[in-house]
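The data block below is data36.cif; it holds mmCIF, C-alpha atoms.
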```cif
data_run
loop_
_atom_site.label_atom_id
_atom_site.label_comp_id
_atom_site.auth_asym_id
_atom_site.auth_seq_id
_atom_site.Cartn_x
_atom_site.Cartn_y
_atom_site.Cartn_z
CA MET A 1 346.00 114.55 84.63
CA LYS A 2 343.98 111.49 85.67
CA PHE A 3 340.71 110.79 83.86
CA VAL A 4 337.78 110.01 86.18
CA SER A 5 334.60 108.08 85.42
CA VAL A 6 331.69 109.21 87.58
CA ILE A 7 329.07 106.45 87.76
CA VAL A 8 325.51 107.50 88.63
CA PRO A 9 322.94 104.68 88.90
CA VAL A 10 319.43 106.00 88.21
CA TYR A 11 316.16 104.50 89.33
CA ASN A 12 313.00 106.46 90.22
CA VAL A 13 314.73 109.69 91.29
CA GLU A 14 313.08 112.38 89.16
CA ARG A 15 312.85 114.66 92.22
CA TYR A 16 316.61 114.72 92.71
CA ILE A 17 318.52 113.72 89.59
CA ALA A 18 318.97 117.19 88.04
CA GLU A 19 320.53 118.61 91.20
CA THR A 20 322.75 115.54 91.53
CA ILE A 21 324.11 115.87 87.99
CA ARG A 22 324.62 119.63 88.44
CA SER A 23 326.80 118.92 91.47
CA VAL A 24 329.04 116.76 89.25
CA LEU A 25 329.26 119.27 86.42
CA ALA A 26 330.19 121.97 88.96
CA GLN A 27 333.37 120.13 90.00
CA THR A 28 336.57 122.19 89.97
CA TYR A 29 338.33 119.08 88.57
CA SER A 30 336.84 118.82 85.10
CA HIS A 31 338.68 115.89 83.46
CA PHE A 32 335.88 113.35 83.82
CA GLU A 33 333.00 111.54 82.17
CA VAL A 34 329.56 111.05 83.71
CA LEU A 35 328.04 107.62 83.13
CA ILE A 36 324.34 107.79 83.92
CA VAL A 37 323.11 104.19 84.16
CA ASP A 38 319.37 103.95 83.60
CA ASP A 39 318.49 100.86 85.63
CA GLY A 40 315.09 100.45 84.01
CA SER A 41 313.79 103.56 85.77
CA PRO A 42 309.98 103.84 85.46
CA ASP A 43 309.74 107.61 85.96
CA ARG A 44 311.01 110.71 84.13
CA SER A 45 314.55 110.60 85.55
CA ILE A 46 316.29 109.93 82.23
CA GLU A 47 314.01 112.28 80.32
CA ILE A 48 315.02 115.05 82.73
CA CYS A 49 318.70 114.29 82.13
CA GLU A 50 318.21 114.41 78.36
CA GLN A 51 316.26 117.66 78.46
CA GLN A 52 318.31 119.62 80.99
CA PHE A 53 321.89 118.67 80.16
CA ASP A 54 323.84 119.04 76.94
CA ASP A 55 327.36 118.26 78.09
CA PRO A 56 329.54 115.98 75.94
CA ARG A 57 330.98 114.41 79.09
CA ILE A 58 327.59 112.84 79.89
CA LYS A 59 326.77 109.38 78.56
CA ILE A 60 323.48 107.57 79.23
CA ILE A 61 323.55 103.76 79.39
CA ARG A 62 320.27 101.87 79.47
CA GLN A 63 319.55 98.41 80.86
CA THR A 64 316.74 96.35 82.34
CA ASN A 65 316.58 96.61 86.10
CA ARG A 66 319.40 94.83 87.91
CA GLY A 67 319.51 96.80 91.14
CA LEU A 68 322.20 99.11 92.48
CA ALA A 69 325.03 96.57 92.22
CA GLY A 70 324.03 95.78 88.63
CA ALA A 71 323.93 99.45 87.64
CA ARG A 72 327.36 100.06 89.15
CA ASN A 73 328.78 97.01 87.38
CA THR A 74 327.48 98.27 84.05
CA GLY A 75 329.06 101.64 84.75
CA ILE A 76 332.40 100.03 85.59
CA ARG A 77 332.35 97.98 82.37
CA HIS A 78 331.83 101.15 80.30
CA ALA A 79 334.20 103.35 82.30
CA GLN A 80 337.26 104.83 80.60
CA GLY A 81 338.76 106.41 83.71
CA GLU A 82 341.81 105.48 85.74
CA TYR A 83 339.78 106.48 88.79
CA LEU A 84 336.12 105.57 89.33
CA ALA A 85 333.79 107.67 91.47
CA PHE A 86 330.30 106.66 92.57
CA LEU A 87 327.40 109.00 93.22
CA ASP A 88 323.94 107.79 94.19
CA SER A 89 321.33 109.74 92.27
CA ASP A 90 319.75 111.51 95.25
CA ASP A 91 323.02 112.68 96.84
CA LEU A 92 325.28 115.66 96.08
CA TRP A 93 328.96 116.53 96.00
CA GLU A 94 330.81 119.63 97.12
CA ALA A 95 332.49 121.36 94.18
CA ASP A 96 336.03 120.41 95.26
CA LYS A 97 335.31 116.74 96.01
CA LEU A 98 336.95 115.18 92.96
CA ALA A 99 339.94 117.51 93.12
CA LYS A 100 340.71 116.54 96.71
CA HIS A 101 340.33 112.81 96.11
CA ILE A 102 342.53 112.92 93.01
CA GLU A 103 345.20 114.76 94.98
CA HIS A 104 344.89 112.18 97.76
CA LEU A 105 345.20 109.15 95.47
CA ASP A 106 348.04 110.70 93.47
CA SER A 107 350.02 111.31 96.66
CA ALA A 108 349.27 108.04 98.51
CA LEU A 109 350.05 105.24 96.09
CA GLU A 110 349.17 102.48 98.56
CA VAL A 111 345.62 103.81 98.94
CA GLY A 112 343.12 102.22 96.57
CA ILE A 113 339.91 103.64 98.02
CA SER A 114 339.72 107.31 98.97
CA PHE A 115 336.60 108.49 100.76
CA SER A 116 335.37 111.44 102.82
CA ARG A 117 333.04 112.36 105.61
CA SER A 118 329.48 113.27 104.69
CA ALA A 119 327.12 116.05 105.71
CA LEU A 120 323.54 114.89 106.23
CA MET A 121 320.57 116.59 104.63
CA ASP A 122 316.86 115.84 104.80
CA GLU A 123 314.65 114.77 101.92
CA ALA A 124 314.15 118.41 100.86
CA GLY A 125 317.90 119.03 100.73
CA ASN A 126 318.11 121.05 103.95
CA PRO A 127 321.23 120.46 106.06
CA THR A 128 320.51 118.64 109.32
CA GLY A 129 323.66 120.04 110.92
CA THR A 130 325.00 116.55 111.58
CA TYR A 131 327.59 114.39 109.82
CA LEU A 132 328.73 110.86 109.13
CA MET A 133 332.07 110.68 110.95
CA PRO A 134 333.77 107.41 110.00
CA GLN A 135 337.22 106.24 110.99
CA LEU A 136 339.64 107.64 108.41
CA THR A 137 342.82 105.59 108.77
CA ASP A 138 344.05 102.15 109.90
CA ILE A 139 340.97 100.51 108.43
CA ASP A 140 341.08 96.73 108.82
CA VAL A 141 338.54 93.91 108.59
CA PRO A 142 337.08 94.37 112.11
CA CYS A 143 336.62 98.05 111.31
CA LEU A 144 334.65 97.13 108.18
CA LEU A 145 332.57 94.61 110.11
CA ARG A 146 331.64 97.26 112.66
CA GLY A 147 330.00 99.24 109.87
CA SER A 148 331.33 100.49 106.57
CA PRO A 149 333.66 103.42 107.29
CA LEU A 150 332.81 104.80 103.87
CA GLY A 151 329.41 105.67 105.29
CA ASN A 152 327.48 105.63 102.00
CA GLY A 153 327.86 104.81 98.32
CA SER A 154 328.39 108.41 97.20
CA THR A 155 331.70 109.00 98.92
CA PRO A 156 334.37 106.67 97.43
CA VAL A 157 336.77 107.39 94.59
CA ILE A 158 338.53 104.14 93.66
CA ARG A 159 341.45 103.17 91.44
CA ARG A 160 340.44 101.06 88.46
CA GLU A 161 343.18 98.62 89.45
CA VAL A 162 341.25 97.78 92.63
CA PHE A 163 338.28 96.52 90.63
CA ASP A 164 340.59 94.68 88.24
CA ALA A 165 341.93 92.81 91.27
CA ILE A 166 338.51 91.60 92.51
CA GLU A 167 336.62 90.99 89.27
CA PHE A 168 334.97 87.63 88.70
CA GLU A 169 333.02 86.03 85.88
CA ALA A 170 329.53 84.54 86.15
CA ASN A 171 326.48 83.76 84.06
CA ARG A 172 323.53 85.43 85.79
CA TYR A 173 321.53 86.66 82.82
CA GLY A 174 322.13 84.10 80.04
CA THR A 175 325.67 85.08 79.10
CA VAL A 176 329.03 85.22 80.87
CA GLU A 177 329.88 88.70 82.16
CA THR A 178 332.53 90.29 84.35
CA PHE A 179 331.28 91.35 87.79
CA TYR A 180 332.73 93.58 90.50
CA PHE A 181 329.88 94.18 92.95
CA ASP A 182 327.99 90.94 93.63
CA GLU A 183 324.52 91.24 92.09
CA ALA A 184 323.23 88.43 94.28
CA PHE A 185 322.82 91.12 96.95
CA ARG A 186 320.13 93.80 96.78
CA GLN A 187 321.19 94.96 100.24
CA SER A 188 324.67 95.15 101.77
CA GLU A 189 326.30 95.09 98.31
CA ASP A 190 328.71 97.86 99.29
CA ILE A 191 330.16 96.25 102.39
CA GLU A 192 330.40 92.85 100.65
CA CYS A 193 332.63 94.47 98.03
CA TRP A 194 334.72 96.39 100.58
CA LEU A 195 335.30 93.20 102.58
CA ARG A 196 336.43 91.38 99.45
CA ILE A 197 338.91 94.16 98.71
CA ALA A 198 340.26 94.16 102.27
CA LEU A 199 340.62 90.38 102.48
CA THR A 200 341.96 89.59 99.01
CA THR A 201 344.10 92.59 98.02
CA GLU A 202 346.78 94.83 99.53
CA TRP A 203 344.95 98.08 98.71
CA LYS A 204 344.28 100.42 101.63
CA PHE A 205 341.19 102.42 102.52
CA GLU A 206 341.80 105.98 103.67
CA GLY A 207 339.47 108.92 104.29
CA LEU A 208 339.66 112.69 104.07
CA PRO A 209 338.46 114.76 107.05
CA GLU A 210 336.29 117.15 105.04
CA ALA A 211 332.58 116.51 104.51
CA LEU A 212 332.73 116.42 100.71
CA THR A 213 329.56 114.37 100.16
CA LEU A 214 326.03 115.55 100.96
CA TYR A 215 324.04 112.46 101.92
CA ARG A 216 320.25 112.58 101.74
CA VAL A 217 318.53 110.82 104.64
CA ASN A 218 315.35 109.47 103.10
CA THR A 219 313.28 108.07 105.96
CA GLY A 220 310.69 106.87 103.49
CA GLY A 221 313.31 104.57 102.01
CA LEU A 222 314.23 102.95 105.32
CA SER A 223 312.96 99.38 105.42
CA ALA A 224 310.99 98.37 108.48
CA ASN A 225 311.83 94.72 107.82
CA TYR A 226 314.82 94.58 110.14
CA LEU A 227 314.97 90.78 110.15
CA LYS A 228 315.28 90.77 106.36
CA GLN A 229 318.13 93.29 106.55
CA LEU A 230 319.85 91.19 109.21
CA GLU A 231 319.42 88.11 107.02
CA SER A 232 321.07 89.93 104.12
CA TRP A 233 324.03 90.80 106.36
CA GLU A 234 324.33 87.19 107.46
CA GLN A 235 324.40 86.14 103.79
CA VAL A 236 327.30 88.53 103.22
CA LEU A 237 329.15 86.97 106.14
CA GLU A 238 328.45 83.47 104.81
CA LYS A 239 329.87 84.39 101.41
CA THR A 240 332.91 85.99 103.05
CA ARG A 241 333.39 82.88 105.20
CA SER A 242 333.68 80.82 102.00
CA TYR A 243 337.07 82.41 101.21
CA ALA A 244 338.13 83.80 104.62
CA PRO A 245 336.84 81.30 107.21
CA GLU A 246 339.21 82.21 110.01
CA ALA A 247 338.44 85.93 109.86
CA ILE A 248 334.69 85.40 109.93
CA ALA A 249 334.87 82.79 112.69
CA GLN A 250 336.79 85.27 114.82
CA TRP A 251 334.55 88.26 114.16
CA TRP A 252 331.06 86.79 113.54
CA ASP A 253 329.48 87.90 116.84
CA LEU A 254 331.04 91.35 116.53
CA ALA A 255 329.68 91.75 113.01
CA ILE A 256 326.15 90.69 114.01
CA ALA A 257 326.08 92.94 117.08
CA TYR A 258 327.18 96.04 115.20
CA GLU A 259 324.61 95.34 112.48
CA LEU A 260 321.90 95.03 115.14
CA ARG A 261 322.98 98.38 116.56
CA TYR A 262 322.86 99.92 113.08
CA LEU A 263 319.33 98.56 112.60
CA ALA A 264 318.36 99.96 116.00
CA ARG A 265 319.50 103.40 114.87
CA SER A 266 317.43 102.97 111.70
CA ALA A 267 314.42 102.11 113.86
CA ILE A 268 315.01 105.22 115.93
CA ARG A 269 315.03 107.40 112.81
CA VAL A 270 311.53 106.20 111.89
CA LYS A 271 310.38 106.48 115.54
CA ASN A 272 309.92 102.74 116.11
CA GLY A 273 310.90 102.54 119.77
CA LYS A 274 309.76 98.96 120.30
CA ALA A 275 311.94 97.62 117.49
CA ALA A 276 314.88 99.82 118.54
CA VAL A 277 314.84 98.45 122.11
CA GLU A 278 314.59 94.85 120.92
CA LEU A 279 317.45 95.29 118.44
CA MET A 280 319.74 96.96 120.99
CA ASN A 281 319.05 94.26 123.57
CA ARG A 282 319.93 91.59 121.00
CA ALA A 283 323.13 93.48 120.11
CA LEU A 284 324.28 93.52 123.74
CA LEU A 285 323.42 89.85 124.26
CA THR A 286 325.31 88.89 121.09
CA TYR A 287 328.51 90.82 121.80
CA TRP A 288 328.56 92.84 125.02
CA ARG A 289 332.03 94.22 124.30
CA ILE A 290 330.40 96.66 121.92
CA VAL A 291 329.93 98.85 125.01
CA LEU A 292 333.68 98.91 125.63
CA GLU A 293 334.72 99.31 122.00
CA GLU A 294 332.37 102.16 121.12
CA PRO A 295 330.90 103.29 124.43
CA ARG A 296 329.54 106.67 123.38
CA ARG A 297 327.60 105.55 120.32
CA THR A 298 326.37 102.35 121.94
CA VAL A 299 325.14 104.00 125.15
CA LEU A 300 323.52 106.91 123.29
CA THR A 301 321.73 104.49 120.96
CA LEU A 302 320.52 102.44 123.93
CA ILE A 303 319.28 105.56 125.75
CA ALA A 304 317.56 106.89 122.63
CA ALA A 305 315.80 103.56 122.09
CA TYR A 306 314.41 103.44 125.63
CA VAL A 307 313.51 107.13 125.73
CA LEU A 308 311.64 106.75 122.43
CA ARG A 309 309.90 103.63 123.76
CA LEU A 310 308.89 105.03 127.15
CA LEU A 311 308.39 108.80 126.87
CA PRO A 312 305.70 110.80 125.04
CA PRO A 313 306.62 111.69 121.42
CA SER A 314 306.76 115.43 122.17
CA VAL A 315 309.30 114.91 124.95
CA TYR A 316 311.40 112.61 122.79
CA SER A 317 311.35 115.10 119.88
CA TRP A 318 312.64 117.89 122.15
CA ILE A 319 315.45 115.68 123.46
CA GLU A 320 316.30 114.50 119.95
CA ASN A 321 316.48 118.04 118.53
CA ARG A 322 318.66 119.25 121.39
CA GLY A 323 320.93 116.22 121.08
CA ASN A 324 321.32 116.72 117.32
CA GLN A 325 322.30 120.35 117.85
CA LEU A 326 324.97 119.45 120.38
CA ASN A 327 326.22 116.52 118.31
CA GLY A 328 326.41 118.61 115.14
CA SER A 329 328.40 121.32 116.91
CA THR A 330 330.86 118.76 118.28
CA GLN A 331 331.24 117.13 114.85
CA GLN A 332 331.90 120.48 113.14
CA GLN A 333 334.64 121.25 115.67
CA LYS A 334 336.26 117.86 115.08
CA ILE A 335 336.18 118.33 111.30
CA GLN A 336 337.91 121.70 111.69
CA ARG A 337 340.54 120.21 114.01
CA ASP A 338 341.22 117.32 111.64
CA ARG A 339 341.46 119.62 108.61
CA HIS A 340 343.87 122.00 110.36
CA PRO A 341 345.70 119.96 113.03
CA GLU A 342 348.55 122.46 113.13
CA THR A 343 346.22 125.10 114.65
CA SER A 344 344.46 122.85 117.18
CA PRO A 345 345.08 123.60 120.90
CA SER A 346 347.05 120.40 121.36
CA SER A 347 349.61 121.51 118.79
CA ILE A 348 350.26 124.91 120.34
#
```

Just dump the structure as structure tokens.
Amino acid sequence: MKFVSVIVPVYNVERYIAETIRSVLAQTYSHFEVLIVDDGSPDRSIEICEQQFDDPRIKIIRQTNRGLAGARNTGIRHAQGEYLAFLDSDDLWEADKLAKHIEHLDSALEVGISFSRSALMDEAGNPTGTYLMPQLTDIDVPCLLRGSPLGNGSTPVIRREVFDAIEFEANRYGTVETFYFDEAFRQSEDIECWLRIALTTEWKFEGLPEALTLYRVNTGGLSANYLKQLESWEQVLEKTRSYAPEAIAQWWDLAIAYELRYLARSAIRVKNGKAAVELMNRALLTYWRIVLEEPRRTVLTLIAAYVLRLLPPSVYSWIENRGNQLNGSTQQQKIQRDRHPETSPSSI
């Protein structure tokens, strides 16, 4: 039976942390440790963990604030597991998540990173009825550059060997340490790491069709500084170009355009129609083939941006709610088909 280290970075999440930890302790696969990394949290998050949980599998590790990448690195350094799972401290897991990922990794020895789809919930924990539906197989560098197929940081379960293959040493805080995620990035640290894995190792990424992660959409946490987010993405590409120049030269425009579309969708979520239109126009000017490669998502994002920009808020809200209902229903049907392909109409 494989031992799993569940790494939970904690910073200013006293509203959510107890529910997050309960979702780990409720796992049907119980051979794990929970490494709660206190990243210099200024609120009662750690106090809540200490007061509400008395499970010997839980370990609390304290450090001065280093950001999400730094908290994950600390967790990896302390981890005893053969498999490492990451859970952001405001998200949740379904009870069978670990069991299904362990089964997946045990049966597919070429897969280093197992992930799943995610169900979206609002800040209060209510399901939105919609999902993150990433590509599950045949994941290559262009796929990663179009947007991380993992969807969020709470979905992957990763072999320890993968991190052993990409570790590097640096002196960032007065002493030489081993790093896995690059702490130079306070944004885009996930995709930087996934790109490094894809370009420098033979390990494969592969997803499960079930929505095993519950991802909290926190609109208050969405940055309105879209140029700063784009700059962070460009810095990731520059770092990646330093060791994979041909790949980045070939896919630079694609990577920028898909990031601009992602930022446009973020602007739509916070009802900033002006920014959404500007970002989508830039995406199309940068790499117009985005319309051919992902026509549905691109066209819907473009329409949503202009509708939000031009129509009264009440009209947009009605259209948005109706669209989410239809989209959620379609996504649920696809998840069911992918989970049980033998009973889908095409197989009869």

Set out as a Markdown table a contact list for region 218-284 of chain A and region 308-314 of chain A with a cut-off of 12 Å, giving each residue of region 218-284 of chain A that qualifies its closest atom pair and distance in Å to one decimal, counting all atoms listed in the file, ordered by chain and rising residue number.
```
| residue | atom | partner | partner_atom | distance |
| --- | --- | --- | --- | --- |
| A:Ala264 | CA | A:Leu308 | CA | 11.5 |
| A:Arg265 | CA | A:Leu308 | CA | 11.4 |
| A:Ala267 | CA | A:Leu308 | CA | 10.1 |
| A:Ile268 | CA | A:Leu308 | CA | 7.5 |
| A:Arg269 | CA | A:Leu308 | CA | 10.2 |
| A:Val270 | CA | A:Leu308 | CA | 10.6 |
| A:Lys271 | CA | A:Leu308 | CA | 7.0 |
| A:Asn272 | CA | A:Leu308 | CA | 7.7 |
| A:Gly273 | CA | A:Arg309 | CA | 4.3 |
| A:Lys274 | CA | A:Arg309 | CA | 5.8 |
| A:Ala275 | CA | A:Arg309 | CA | 8.9 |
| A:Ala276 | CA | A:Arg309 | CA | 8.2 |
| A:Val277 | CA | A:Arg309 | CA | 7.3 |
| A:Glu278 | CA | A:Arg309 | CA | 10.4 |
```

Per residue of region 165-253 of chain A within 9 Å of region 137-156 of chain A, note the shortest atom pair and the distance in Å to one decimal, counting all atoms listed in the file, and order the rows by chain and increasing residue number, as CSV.
```
residue,atom,partner,partner_atom,distance
A:Asp190,CA,A:Gly153,CA,7.1
A:Ile191,CA,A:Ser148,CA,6.1
A:Trp194,CA,A:Leu144,CA,7.6
A:Leu195,CA,A:Val141,CA,6.9
A:Ala198,CA,A:Val141,CA,6.6
A:Leu199,CA,A:Val141,CA,7.4
A:Lys204,CA,A:Ile139,CA,7.6
A:Phe205,CA,A:Ile139,CA,6.2
A:Glu206,CA,A:Thr137,CA,5.2
A:Gly207,CA,A:Thr137,CA,6.5
A:Leu212,CA,A:Thr155,CA,7.7
A:Thr213,CA,A:Thr155,CA,5.9
A:Leu214,CA,A:Ser154,CA,8.4
A:Tyr215,CA,A:Ser154,CA,7.6
A:Ala247,CA,A:Val141,CA,8.1
A:Trp251,CA,A:Pro142,CA,6.9
A:Trp252,CA,A:Leu145,CA,8.7
```

> Quick one: distance from CA of Val8 (chain A) to CA of Ala211 (chain A) in Å, one decimal?
Replying inline: 19.6 Å

>> Applying 7 Å and all atoms listed in the file, which residues near Phe168 (chain A) remain after dropping the ones on its own chain fewer than 3 positions away? List them as a list in words.
In response: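 With the cut-off at 7 Å, the set is Thr178, Phe179 and Tyr180 of chain A.
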
>> For a quick check of understanding, using all atoms listed in the file, which of A:Val13, A:Val37, A:Leu279, A:Val315 has the smallest distance to Glu123 (chain A)?
In response: A:Val13

>> To one decimal place in Å, what is the distance between CA of Glu231 (chain A) and CA of Leu87 (chain A)?
In response: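 Taking CA of Glu231 (chain A) as the start and CA of Leu87 (chain A) as the end point, the length is 26.3 Å.
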
>> Can you measure CA of Ile290 (chain A) to CA of Asp182 (chain A) for me? One decimal in Å is fine.
In response: 29.0 Å

> What does the PyMOL selection byres ((chain A and resi 126-135) around 7) select in this file, as a ChimeraX atom specification?
Replying inline: /A:117-122,124-125,136-137,149-151,324,327-328,331

>> Which residues would end up in the selection if the PyMOL selection byres ((chain A and resi 99) around 10) were applied here, given that I need the answer as number ranges by chain?
In response: A: 27-31, 95-98, 100-104

> Of the candidates A:Arg196, A:Arg66, A:His340, A:Arg261, which one gets nearest to Ser242 (chain A) if we count all atoms listed in the file?
Replying inline: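 That would be A:Arg196, the residue with the smallest distance to Ser242 (chain A).
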